[in-house]
$ cat input33.txt   # compact mmCIF, C-alpha atoms
# COMPACT_ATOMS: atom_id res chain seq x y z
CA ASP A 1 39.60 -69.70 115.74
CA GLU A 2 42.18 -68.40 113.25
CA LYS A 3 43.91 -66.33 115.93
CA SER A 4 44.75 -69.42 117.95
CA VAL A 5 48.04 -70.15 116.21
CA VAL A 6 49.92 -73.10 117.70
CA ALA A 7 53.31 -74.37 116.52
CA ALA A 8 54.93 -77.75 117.13
CA PHE A 9 57.46 -76.21 119.50
CA ASP A 10 54.58 -75.09 121.76
CA MET A 11 53.75 -78.71 122.59
CA GLN A 12 56.27 -79.23 125.40
CA LEU A 13 55.13 -76.30 127.54
CA SER A 14 51.46 -76.86 126.68
CA LEU A 15 51.50 -80.54 127.63
CA ALA A 16 53.42 -79.81 130.82
CA SER A 17 50.82 -77.22 131.80
CA MET A 18 47.91 -79.57 131.08
CA ALA A 19 49.61 -82.29 133.15
CA GLY A 20 50.13 -79.87 136.04
CA ILE A 21 53.92 -79.93 135.74
CA GLN A 22 55.69 -76.73 136.79
CA VAL A 23 58.43 -75.71 134.36
CA PRO A 24 61.00 -73.65 136.31
CA ASP A 25 62.41 -71.57 133.43
CA THR A 26 60.09 -71.28 130.44
CA LYS A 27 62.46 -68.79 128.77
CA GLN A 28 64.74 -71.66 127.77
CA TYR A 29 62.02 -72.97 125.42
CA ASP A 30 61.16 -71.61 121.99
CA GLY A 31 57.45 -72.21 122.41
CA GLU A 32 54.64 -70.86 124.56
CA ASP A 33 52.11 -72.53 126.81
CA ARG A 34 49.14 -72.78 124.43
CA SER A 35 47.19 -75.24 126.61
CA SER A 36 44.15 -72.93 126.64
CA VAL A 37 43.77 -73.48 122.89
CA PHE A 38 43.89 -77.26 123.30
CA LEU A 39 41.24 -76.95 126.01
CA GLY A 40 38.89 -75.03 123.70
CA ARG A 41 39.67 -71.46 124.76
CA PRO A 42 40.95 -69.45 121.77
CA SER A 43 43.80 -67.05 122.46
CA THR A 44 46.31 -64.91 120.65
CA ARG A 45 50.02 -65.74 120.79
CA SER A 46 52.25 -63.36 122.70
CA SER A 47 55.08 -63.69 120.18
CA PRO A 48 55.50 -64.41 116.46
CA VAL A 49 56.27 -67.84 115.03
CA PHE A 50 59.37 -68.13 112.82
CA TRP A 51 60.35 -71.01 110.54
CA GLU A 52 62.50 -72.08 107.65
CA TYR A 53 61.43 -74.30 104.78
CA GLY A 54 64.00 -77.10 104.91
CA ALA A 55 67.20 -77.23 106.89
CA PHE A 56 69.16 -74.27 105.56
CA GLY A 57 67.52 -74.51 102.13
CA SER A 58 67.77 -78.28 101.73
CA ILE A 59 64.22 -78.66 100.40
CA GLN A 60 63.75 -77.60 96.77
CA PRO A 61 60.27 -78.82 95.81
CA GLY A 62 58.75 -78.69 92.35
CA LYS A 63 58.79 -75.96 89.77
CA GLU A 64 60.56 -72.66 90.39
CA GLU A 65 57.30 -70.67 90.21
CA HIS A 66 55.89 -72.74 93.08
CA ARG A 67 58.87 -72.20 95.36
CA SER A 68 58.46 -69.94 98.32
CA PRO A 69 61.17 -67.87 99.97
CA ILE A 70 62.83 -70.10 102.56
CA LEU A 71 62.20 -67.97 105.68
CA ALA A 72 58.80 -67.13 107.13
CA MET A 73 57.11 -65.67 110.15
CA ARG A 74 53.54 -65.42 111.38
CA ASP A 75 52.44 -62.61 113.67
CA ARG A 76 48.71 -62.60 114.34
CA GLU A 77 46.98 -62.18 110.96
CA TRP A 78 50.21 -61.34 109.12
CA LYS A 79 52.57 -63.73 107.34
CA PHE A 80 55.88 -62.50 105.97
CA LEU A 81 58.28 -64.50 103.79
CA ALA A 82 61.75 -63.67 102.44
CA ASN A 83 65.05 -65.26 101.58
CA PRO A 84 68.04 -64.79 103.93
CA ASP A 85 69.37 -62.01 101.67
CA GLY A 86 66.03 -60.17 101.94
CA SER A 87 64.96 -60.99 98.39
CA SER A 88 61.52 -62.21 97.32
CA ALA A 89 59.74 -60.44 100.20
CA ARG A 90 56.07 -61.32 100.49
CA LEU A 91 53.51 -60.05 102.99
CA PHE A 92 50.02 -61.47 103.37
CA ASN A 93 47.06 -60.68 105.59
CA LEU A 94 45.79 -64.20 106.27
CA GLU A 95 42.43 -63.05 107.64
CA LYS A 96 41.57 -61.19 104.43
CA ASP A 97 43.55 -63.39 102.03
CA PRO A 98 43.93 -66.96 103.38
CA GLY A 99 45.01 -68.18 99.93
CA GLU A 100 47.98 -65.80 99.97
CA THR A 101 47.14 -64.33 96.57
CA LYS A 102 47.82 -60.62 97.25
CA ASN A 103 51.40 -59.71 98.14
CA LEU A 104 51.12 -56.54 100.24
CA ALA A 105 54.87 -56.01 100.75
CA GLN A 106 54.95 -52.82 98.68
CA ARG A 107 51.58 -51.42 99.76
CA LYS A 108 52.29 -52.05 103.46
CA SER A 109 55.99 -51.24 103.28
CA LYS A 110 56.36 -50.19 106.94
CA LYS A 111 54.76 -53.42 108.15
CA ALA A 112 56.89 -55.44 105.72
CA ALA A 113 60.09 -53.68 106.82
CA LYS A 114 59.35 -54.29 110.50
CA MET A 115 58.61 -57.98 109.92
CA GLU A 116 61.63 -58.36 107.64
CA LYS A 117 63.89 -57.03 110.39
CA GLN A 118 62.38 -59.43 112.93
CA LEU A 119 62.68 -62.37 110.54
CA LEU A 120 66.26 -61.67 109.50
CA ASP A 121 67.30 -61.03 113.12
CA TRP A 122 65.83 -64.44 114.02
CA TRP A 123 67.67 -66.01 111.08
CA LYS A 124 71.01 -64.52 112.20
CA ARG A 125 70.49 -66.02 115.67
CA MET A 126 69.76 -69.42 114.08
CA GLU A 127 72.84 -69.21 111.86
CA ALA A 128 75.04 -68.34 114.85
CA TYR A 129 73.53 -71.21 116.84
CA TYR A 130 74.15 -73.79 114.12
CA LYS A 131 77.69 -72.69 113.24
$ encode --input "input33.txt" --output "structure tokens"
Amino acid sequence: DEKSVVAAFDMQLSLASMAGIQVPDTKQYDGEDRSSVFLGRPSTRSSPVFWEYGAFGSIQPGKEEHRSPILAMRDREWKFLANPDGSSARLFNLEKDPGETKNLAQRKSKKAAKMEKQLLDWWKRMEAYYK
């Protein structure tokens, strides 16, 4: 099921849950318990997934036209990408456009602005953490 998004950082809480291990403070983890998905029960995440391509821009693959903005987030069917300065904003509805061919950032400007704020707020927290 496409709505059953699982990220690598969900593994720790998910495996603990499947093993019957009680985790006292799940708020200290980035991920969510997604064990239901691993056990064949689709579910929707309760929070978006954020990521960066490369460690602070260290990955520069291929031709310029194939490069993506370095920050991204996924929230249900929506994927938003942008650079840390807000440039190159891209918004895709992955249910309707899994190939990410139609950038909806201008047509869905309110959605894009909301996701951009969430993404850049996350990025600022990451920058502060790594400094």
$ residues_near_point --input "input33.txt" --point "(47.3, -63.7, 107.7)" --cutoff "7 Å" --atoms "all atoms listed in the file" --output "list in words"
Arg76, Glu77, Trp78, Lys79, Phe92, Asn93, Leu94, Glu95, Asp97 and Pro98 of chain A
$ atom_distance --input "input33.txt" --atom1 "CA of Ser36 (chain A)" --atom2 "CA of Asp75 (chain A)"
18.5 Å
$ residues_around --input "input33.txt" --residues "Val6 (chain A)" --least-positions-apart "3" --cutoff "12 Å" --atoms "all atoms listed in the file" --output "PDB file with C-alpha atoms, in the frame of the given file"
ATOM      1  CA  ASP A   1      39.600 -69.700 115.740  1.00  0.00           C
ATOM      2  CA  GLU A   2      42.180 -68.400 113.250  1.00  0.00           C
ATOM      3  CA  LYS A   3      43.910 -66.330 115.930  1.00  0.00           C
ATOM      4  CA  PHE A   9      57.460 -76.210 119.500  1.00  0.00           C
ATOM      5  CA  ASP A  10      54.580 -75.090 121.760  1.00  0.00           C
ATOM      6  CA  MET A  11      53.750 -78.710 122.590  1.00  0.00           C
ATOM      7  CA  GLN A  12      56.270 -79.230 125.400  1.00  0.00           C
ATOM      8  CA  LEU A  13      55.130 -76.300 127.540  1.00  0.00           C
ATOM      9  CA  SER A  14      51.460 -76.860 126.680  1.00  0.00           C
ATOM     10  CA  GLY A  31      57.450 -72.210 122.410  1.00  0.00           C
ATOM     11  CA  GLU A  32      54.640 -70.860 124.560  1.00  0.00           C
ATOM     12  CA  ASP A  33      52.110 -72.530 126.810  1.00  0.00           C
ATOM     13  CA  ARG A  34      49.140 -72.780 124.430  1.00  0.00           C
ATOM     14  CA  SER A  35      47.190 -75.240 126.610  1.00  0.00           C
ATOM     15  CA  SER A  36      44.150 -72.930 126.640  1.00  0.00           C
ATOM     16  CA  VAL A  37      43.770 -73.480 122.890  1.00  0.00           C
ATOM     17  CA  PHE A  38      43.890 -77.260 123.300  1.00  0.00           C
ATOM     18  CA  PRO A  42      40.950 -69.450 121.770  1.00  0.00           C
ATOM     19  CA  SER A  43      43.800 -67.050 122.460  1.00  0.00           C
ATOM     20  CA  THR A  44      46.310 -64.910 120.650  1.00  0.00           C
ATOM     21  CA  ARG A  45      50.020 -65.740 120.790  1.00  0.00           C
ATOM     22  CA  SER A  46      52.250 -63.360 122.700  1.00  0.00           C
ATOM     23  CA  SER A  47      55.080 -63.690 120.180  1.00  0.00           C
ATOM     24  CA  PRO A  48      55.500 -64.410 116.460  1.00  0.00           C
ATOM     25  CA  VAL A  49      56.270 -67.840 115.030  1.00  0.00           C
ATOM     26  CA  PHE A  50      59.370 -68.130 112.820  1.00  0.00           C
ATOM     27  CA  ARG A  74      53.540 -65.420 111.380  1.00  0.00           C
ATOM     28  CA  ASP A  75      52.440 -62.610 113.670  1.00  0.00           C
ATOM     29  CA  ARG A  76      48.710 -62.600 114.340  1.00  0.00           C
TER      30      ARG A  76
END
$ atom_distance --input "input33.txt" --atom1 "CA of Asp85 (chain A)" --atom2 "CA of Arg107 (chain A)"
20.8 Å
$ closest_residue --input "input33.txt" --among "A:Tyr29, A:Tyr129, A:Trp51, A:Phe80" --to "Glu116 (chain A)" --atoms "all atoms listed in the file"
A:Phe80
$ closest_residue --input "input33.txt" --among "A:Leu39, A:Ala82, A:Ala89, A:Met126" --to "Ser4 (chain A)" --atoms "only C-alpha atoms"
A:Leu39
$ closest_residue --input "input33.txt" --among "A:Ala72, A:Ala19, A:Leu104, A:Val5" --to "Lys117 (chain A)" --atoms "only C-alpha atoms"
A:Ala72
$ atom_distance --input "input33.txt" --atom1 "CA of Tyr53 (chain A)" --atom2 "CA of Ile70 (chain A)"
5.0 Å
$ decode --input "input33.txt" --residues "region 12-43 of chain A" --atoms "N, CA, C and O atoms" --output "PDB file, in the first residue's frame"
ATOM      1  N   GLN A  12      14.160   0.909  14.505  1.00  0.00           N
ATOM      2  CA  GLN A  12      14.439   0.627  15.911  1.00  0.00           C
ATOM      3  C   GLN A  12      13.154   0.444  16.716  1.00  0.00           C
ATOM      4  O   GLN A  12      12.983  -0.551  17.427  1.00  0.00           O
ATOM      5  N   LEU A  13      12.233   1.392  16.613  1.00  0.00           N
ATOM      6  CA  LEU A  13      10.984   1.284  17.368  1.00  0.00           C
ATOM      7  C   LEU A  13      10.108   0.144  16.843  1.00  0.00           C
ATOM      8  O   LEU A  13       9.432  -0.538  17.620  1.00  0.00           O
ATOM      9  N   SER A  14      10.111  -0.073  15.542  1.00  0.00           N
ATOM     10  CA  SER A  14       9.304  -1.142  14.956  1.00  0.00           C
ATOM     11  C   SER A  14       9.789  -2.514  15.399  1.00  0.00           C
ATOM     12  O   SER A  14       8.993  -3.373  15.806  1.00  0.00           O
ATOM     13  N   LEU A  15      11.091  -2.728  15.346  1.00  0.00           N
ATOM     14  CA  LEU A  15      11.652  -4.022  15.761  1.00  0.00           C
ATOM     15  C   LEU A  15      11.459  -4.250  17.254  1.00  0.00           C
ATOM     16  O   LEU A  15      11.152  -5.374  17.679  1.00  0.00           O
ATOM     17  N   ALA A  16      11.627  -3.202  18.048  1.00  0.00           N
ATOM     18  CA  ALA A  16      11.396  -3.334  19.487  1.00  0.00           C
ATOM     19  C   ALA A  16       9.956  -3.752  19.755  1.00  0.00           C
ATOM     20  O   ALA A  16       9.695  -4.648  20.567  1.00  0.00           O
ATOM     21  N   SER A  17       9.018  -3.133  19.076  1.00  0.00           N
ATOM     22  CA  SER A  17       7.609  -3.463  19.249  1.00  0.00           C
ATOM     23  C   SER A  17       7.334  -4.913  18.861  1.00  0.00           C
ATOM     24  O   SER A  17       6.653  -5.642  19.591  1.00  0.00           O
ATOM     25  N   MET A  18       7.874  -5.345  17.722  1.00  0.00           N
ATOM     26  CA  MET A  18       7.637  -6.717  17.273  1.00  0.00           C
ATOM     27  C   MET A  18       8.271  -7.732  18.213  1.00  0.00           C
ATOM     28  O   MET A  18       7.779  -8.852  18.340  1.00  0.00           O
ATOM     29  N   ALA A  19       9.353  -7.339  18.889  1.00  0.00           N
ATOM     30  CA  ALA A  19      10.018  -8.235  19.838  1.00  0.00           C
ATOM     31  C   ALA A  19       9.390  -8.154  21.235  1.00  0.00           C
ATOM     32  O   ALA A  19       9.816  -8.852  22.150  1.00  0.00           O
ATOM     33  N   GLY A  20       8.413  -7.283  21.411  1.00  0.00           N
ATOM     34  CA  GLY A  20       7.754  -7.146  22.700  1.00  0.00           C
ATOM     35  C   GLY A  20       8.546  -6.337  23.715  1.00  0.00           C
ATOM     36  O   GLY A  20       8.305  -6.416  24.909  1.00  0.00           O
ATOM     37  N   ILE A  21       9.474  -5.528  23.236  1.00  0.00           N
ATOM     38  CA  ILE A  21      10.308  -4.707  24.120  1.00  0.00           C
ATOM     39  C   ILE A  21       9.637  -3.355  24.319  1.00  0.00           C
ATOM     40  O   ILE A  21       9.312  -2.668  23.352  1.00  0.00           O
ATOM     41  N   GLN A  22       9.430  -2.978  25.568  1.00  0.00           N
ATOM     42  CA  GLN A  22       8.846  -1.677  25.888  1.00  0.00           C
ATOM     43  C   GLN A  22       9.923  -0.602  25.815  1.00  0.00           C
ATOM     44  O   GLN A  22      10.965  -0.728  26.452  1.00  0.00           O
ATOM     45  N   VAL A  23       9.689   0.433  25.043  1.00  0.00           N
ATOM     46  CA  VAL A  23      10.611   1.563  24.950  1.00  0.00           C
ATOM     47  C   VAL A  23      10.032   2.666  25.838  1.00  0.00           C
ATOM     48  O   VAL A  23       8.934   3.154  25.575  1.00  0.00           O
ATOM     49  N   PRO A  24      10.765   3.053  26.909  1.00  0.00           N
ATOM     50  CA  PRO A  24      10.194   3.997  27.870  1.00  0.00           C
ATOM     51  C   PRO A  24       9.875   5.389  27.321  1.00  0.00           C
ATOM     52  O   PRO A  24       8.870   5.974  27.683  1.00  0.00           O
ATOM     53  N   ASP A  25      10.708   5.922  26.451  1.00  0.00           N
ATOM     54  CA  ASP A  25      10.488   7.285  25.957  1.00  0.00           C
ATOM     55  C   ASP A  25      10.671   7.301  24.447  1.00  0.00           C
ATOM     56  O   ASP A  25      11.767   7.547  23.951  1.00  0.00           O
ATOM     57  N   THR A  26       9.595   7.064  23.712  1.00  0.00           N
ATOM     58  CA  THR A  26       9.704   7.006  22.252  1.00  0.00           C
ATOM     59  C   THR A  26       9.961   8.374  21.643  1.00  0.00           C
ATOM     60  O   THR A  26      10.381   8.460  20.494  1.00  0.00           O
ATOM     61  N   LYS A  27       9.748   9.458  22.384  1.00  0.00           N
ATOM     62  CA  LYS A  27       9.965  10.804  21.849  1.00  0.00           C
ATOM     63  C   LYS A  27      11.440  11.094  21.587  1.00  0.00           C
ATOM     64  O   LYS A  27      11.763  12.018  20.852  1.00  0.00           O
ATOM     65  N   GLN A  28      12.333  10.295  22.164  1.00  0.00           N
ATOM     66  CA  GLN A  28      13.754  10.531  21.921  1.00  0.00           C
ATOM     67  C   GLN A  28      14.224   9.947  20.586  1.00  0.00           C
ATOM     68  O   GLN A  28      15.357  10.137  20.193  1.00  0.00           O
ATOM     69  N   TYR A  29      13.332   9.271  19.875  1.00  0.00           N
ATOM     70  CA  TYR A  29      13.663   8.666  18.588  1.00  0.00           C
ATOM     71  C   TYR A  29      13.046   9.476  17.451  1.00  0.00           C
ATOM     72  O   TYR A  29      11.965  10.037  17.589  1.00  0.00           O
ATOM     73  N   ASP A  30      13.718   9.501  16.318  1.00  0.00           N
ATOM     74  CA  ASP A  30      13.190  10.200  15.150  1.00  0.00           C
ATOM     75  C   ASP A  30      12.045   9.437  14.498  1.00  0.00           C
ATOM     76  O   ASP A  30      11.153  10.029  13.923  1.00  0.00           O
ATOM     77  N   GLY A  31      12.079   8.126  14.577  1.00  0.00           N
ATOM     78  CA  GLY A  31      11.119   7.304  13.868  1.00  0.00           C
ATOM     79  C   GLY A  31       9.844   7.030  14.628  1.00  0.00           C
ATOM     80  O   GLY A  31       9.616   7.532  15.726  1.00  0.00           O
ATOM     81  N   GLU A  32       9.008   6.213  14.000  1.00  0.00           N
ATOM     82  CA  GLU A  32       7.728   5.782  14.565  1.00  0.00           C
ATOM     83  C   GLU A  32       7.702   4.263  14.592  1.00  0.00           C
ATOM     84  O   GLU A  32       8.404   3.610  13.826  1.00  0.00           O
ATOM     85  N   ASP A  33       6.857   3.717  15.443  1.00  0.00           N
ATOM     86  CA  ASP A  33       6.613   2.279  15.429  1.00  0.00           C
ATOM     87  C   ASP A  33       5.750   1.972  14.208  1.00  0.00           C
ATOM     88  O   ASP A  33       4.577   2.313  14.163  1.00  0.00           O
ATOM     89  N   ARG A  34       6.345   1.361  13.208  1.00  0.00           N
ATOM     90  CA  ARG A  34       5.623   1.010  11.981  1.00  0.00           C
ATOM     91  C   ARG A  34       5.488  -0.506  11.863  1.00  0.00           C
ATOM     92  O   ARG A  34       5.335  -1.064  10.776  1.00  0.00           O
ATOM     93  N   SER A  35       5.521  -1.206  13.018  1.00  0.00           N
ATOM     94  CA  SER A  35       5.463  -2.668  13.020  1.00  0.00           C
ATOM     95  C   SER A  35       4.215  -3.203  12.323  1.00  0.00           C
ATOM     96  O   SER A  35       4.270  -4.263  11.700  1.00  0.00           O
ATOM     97  N   SER A  36       3.107  -2.482  12.398  1.00  0.00           N
ATOM     98  CA  SER A  36       1.885  -2.957  11.735  1.00  0.00           C
ATOM     99  C   SER A  36       2.104  -3.143  10.237  1.00  0.00           C
ATOM    100  O   SER A  36       1.584  -4.096   9.642  1.00  0.00           O
ATOM    101  N   VAL A  37       2.880  -2.267   9.640  1.00  0.00           N
ATOM    102  CA  VAL A  37       3.159  -2.365   8.202  1.00  0.00           C
ATOM    103  C   VAL A  37       3.964  -3.630   7.912  1.00  0.00           C
ATOM    104  O   VAL A  37       3.655  -4.378   6.974  1.00  0.00           O
ATOM    105  N   PHE A  38       4.980  -3.890   8.752  1.00  0.00           N
ATOM    106  CA  PHE A  38       5.794  -5.095   8.557  1.00  0.00           C
ATOM    107  C   PHE A  38       4.978  -6.367   8.766  1.00  0.00           C
ATOM    108  O   PHE A  38       5.302  -7.422   8.228  1.00  0.00           O
ATOM    109  N   LEU A  39       3.911  -6.271   9.535  1.00  0.00           N
ATOM    110  CA  LEU A  39       3.061  -7.425   9.811  1.00  0.00           C
ATOM    111  C   LEU A  39       1.864  -7.506   8.859  1.00  0.00           C
ATOM    112  O   LEU A  39       0.929  -8.252   9.080  1.00  0.00           O
ATOM    113  N   GLY A  40       1.904  -6.692   7.781  1.00  0.00           N
ATOM    114  CA  GLY A  40       0.903  -6.795   6.732  1.00  0.00           C
ATOM    115  C   GLY A  40      -0.341  -5.945   6.918  1.00  0.00           C
ATOM    116  O   GLY A  40      -1.323  -6.137   6.214  1.00  0.00           O
ATOM    117  N   ARG A  41      -0.298  -4.999   7.863  1.00  0.00           N
ATOM    118  CA  ARG A  41      -1.445  -4.127   8.081  1.00  0.00           C
ATOM    119  C   ARG A  41      -1.067  -2.705   7.668  1.00  0.00           C
ATOM    120  O   ARG A  41      -0.400  -1.992   8.425  1.00  0.00           O
ATOM    121  N   PRO A  42      -1.492  -2.278   6.485  1.00  0.00           N
ATOM    122  CA  PRO A  42      -1.154  -0.933   6.008  1.00  0.00           C
ATOM    123  C   PRO A  42      -1.631   0.140   6.985  1.00  0.00           C
ATOM    124  O   PRO A  42      -2.658  -0.015   7.642  1.00  0.00           O
ATOM    125  N   SER A  43      -0.859   1.203   7.079  1.00  0.00           N
ATOM    126  CA  SER A  43      -1.249   2.330   7.929  1.00  0.00           C
ATOM    127  C   SER A  43      -0.583   3.601   7.425  1.00  0.00           C
ATOM    128  O   SER A  43       0.409   3.560   6.704  1.00  0.00           O
TER     129      SER A  43
END
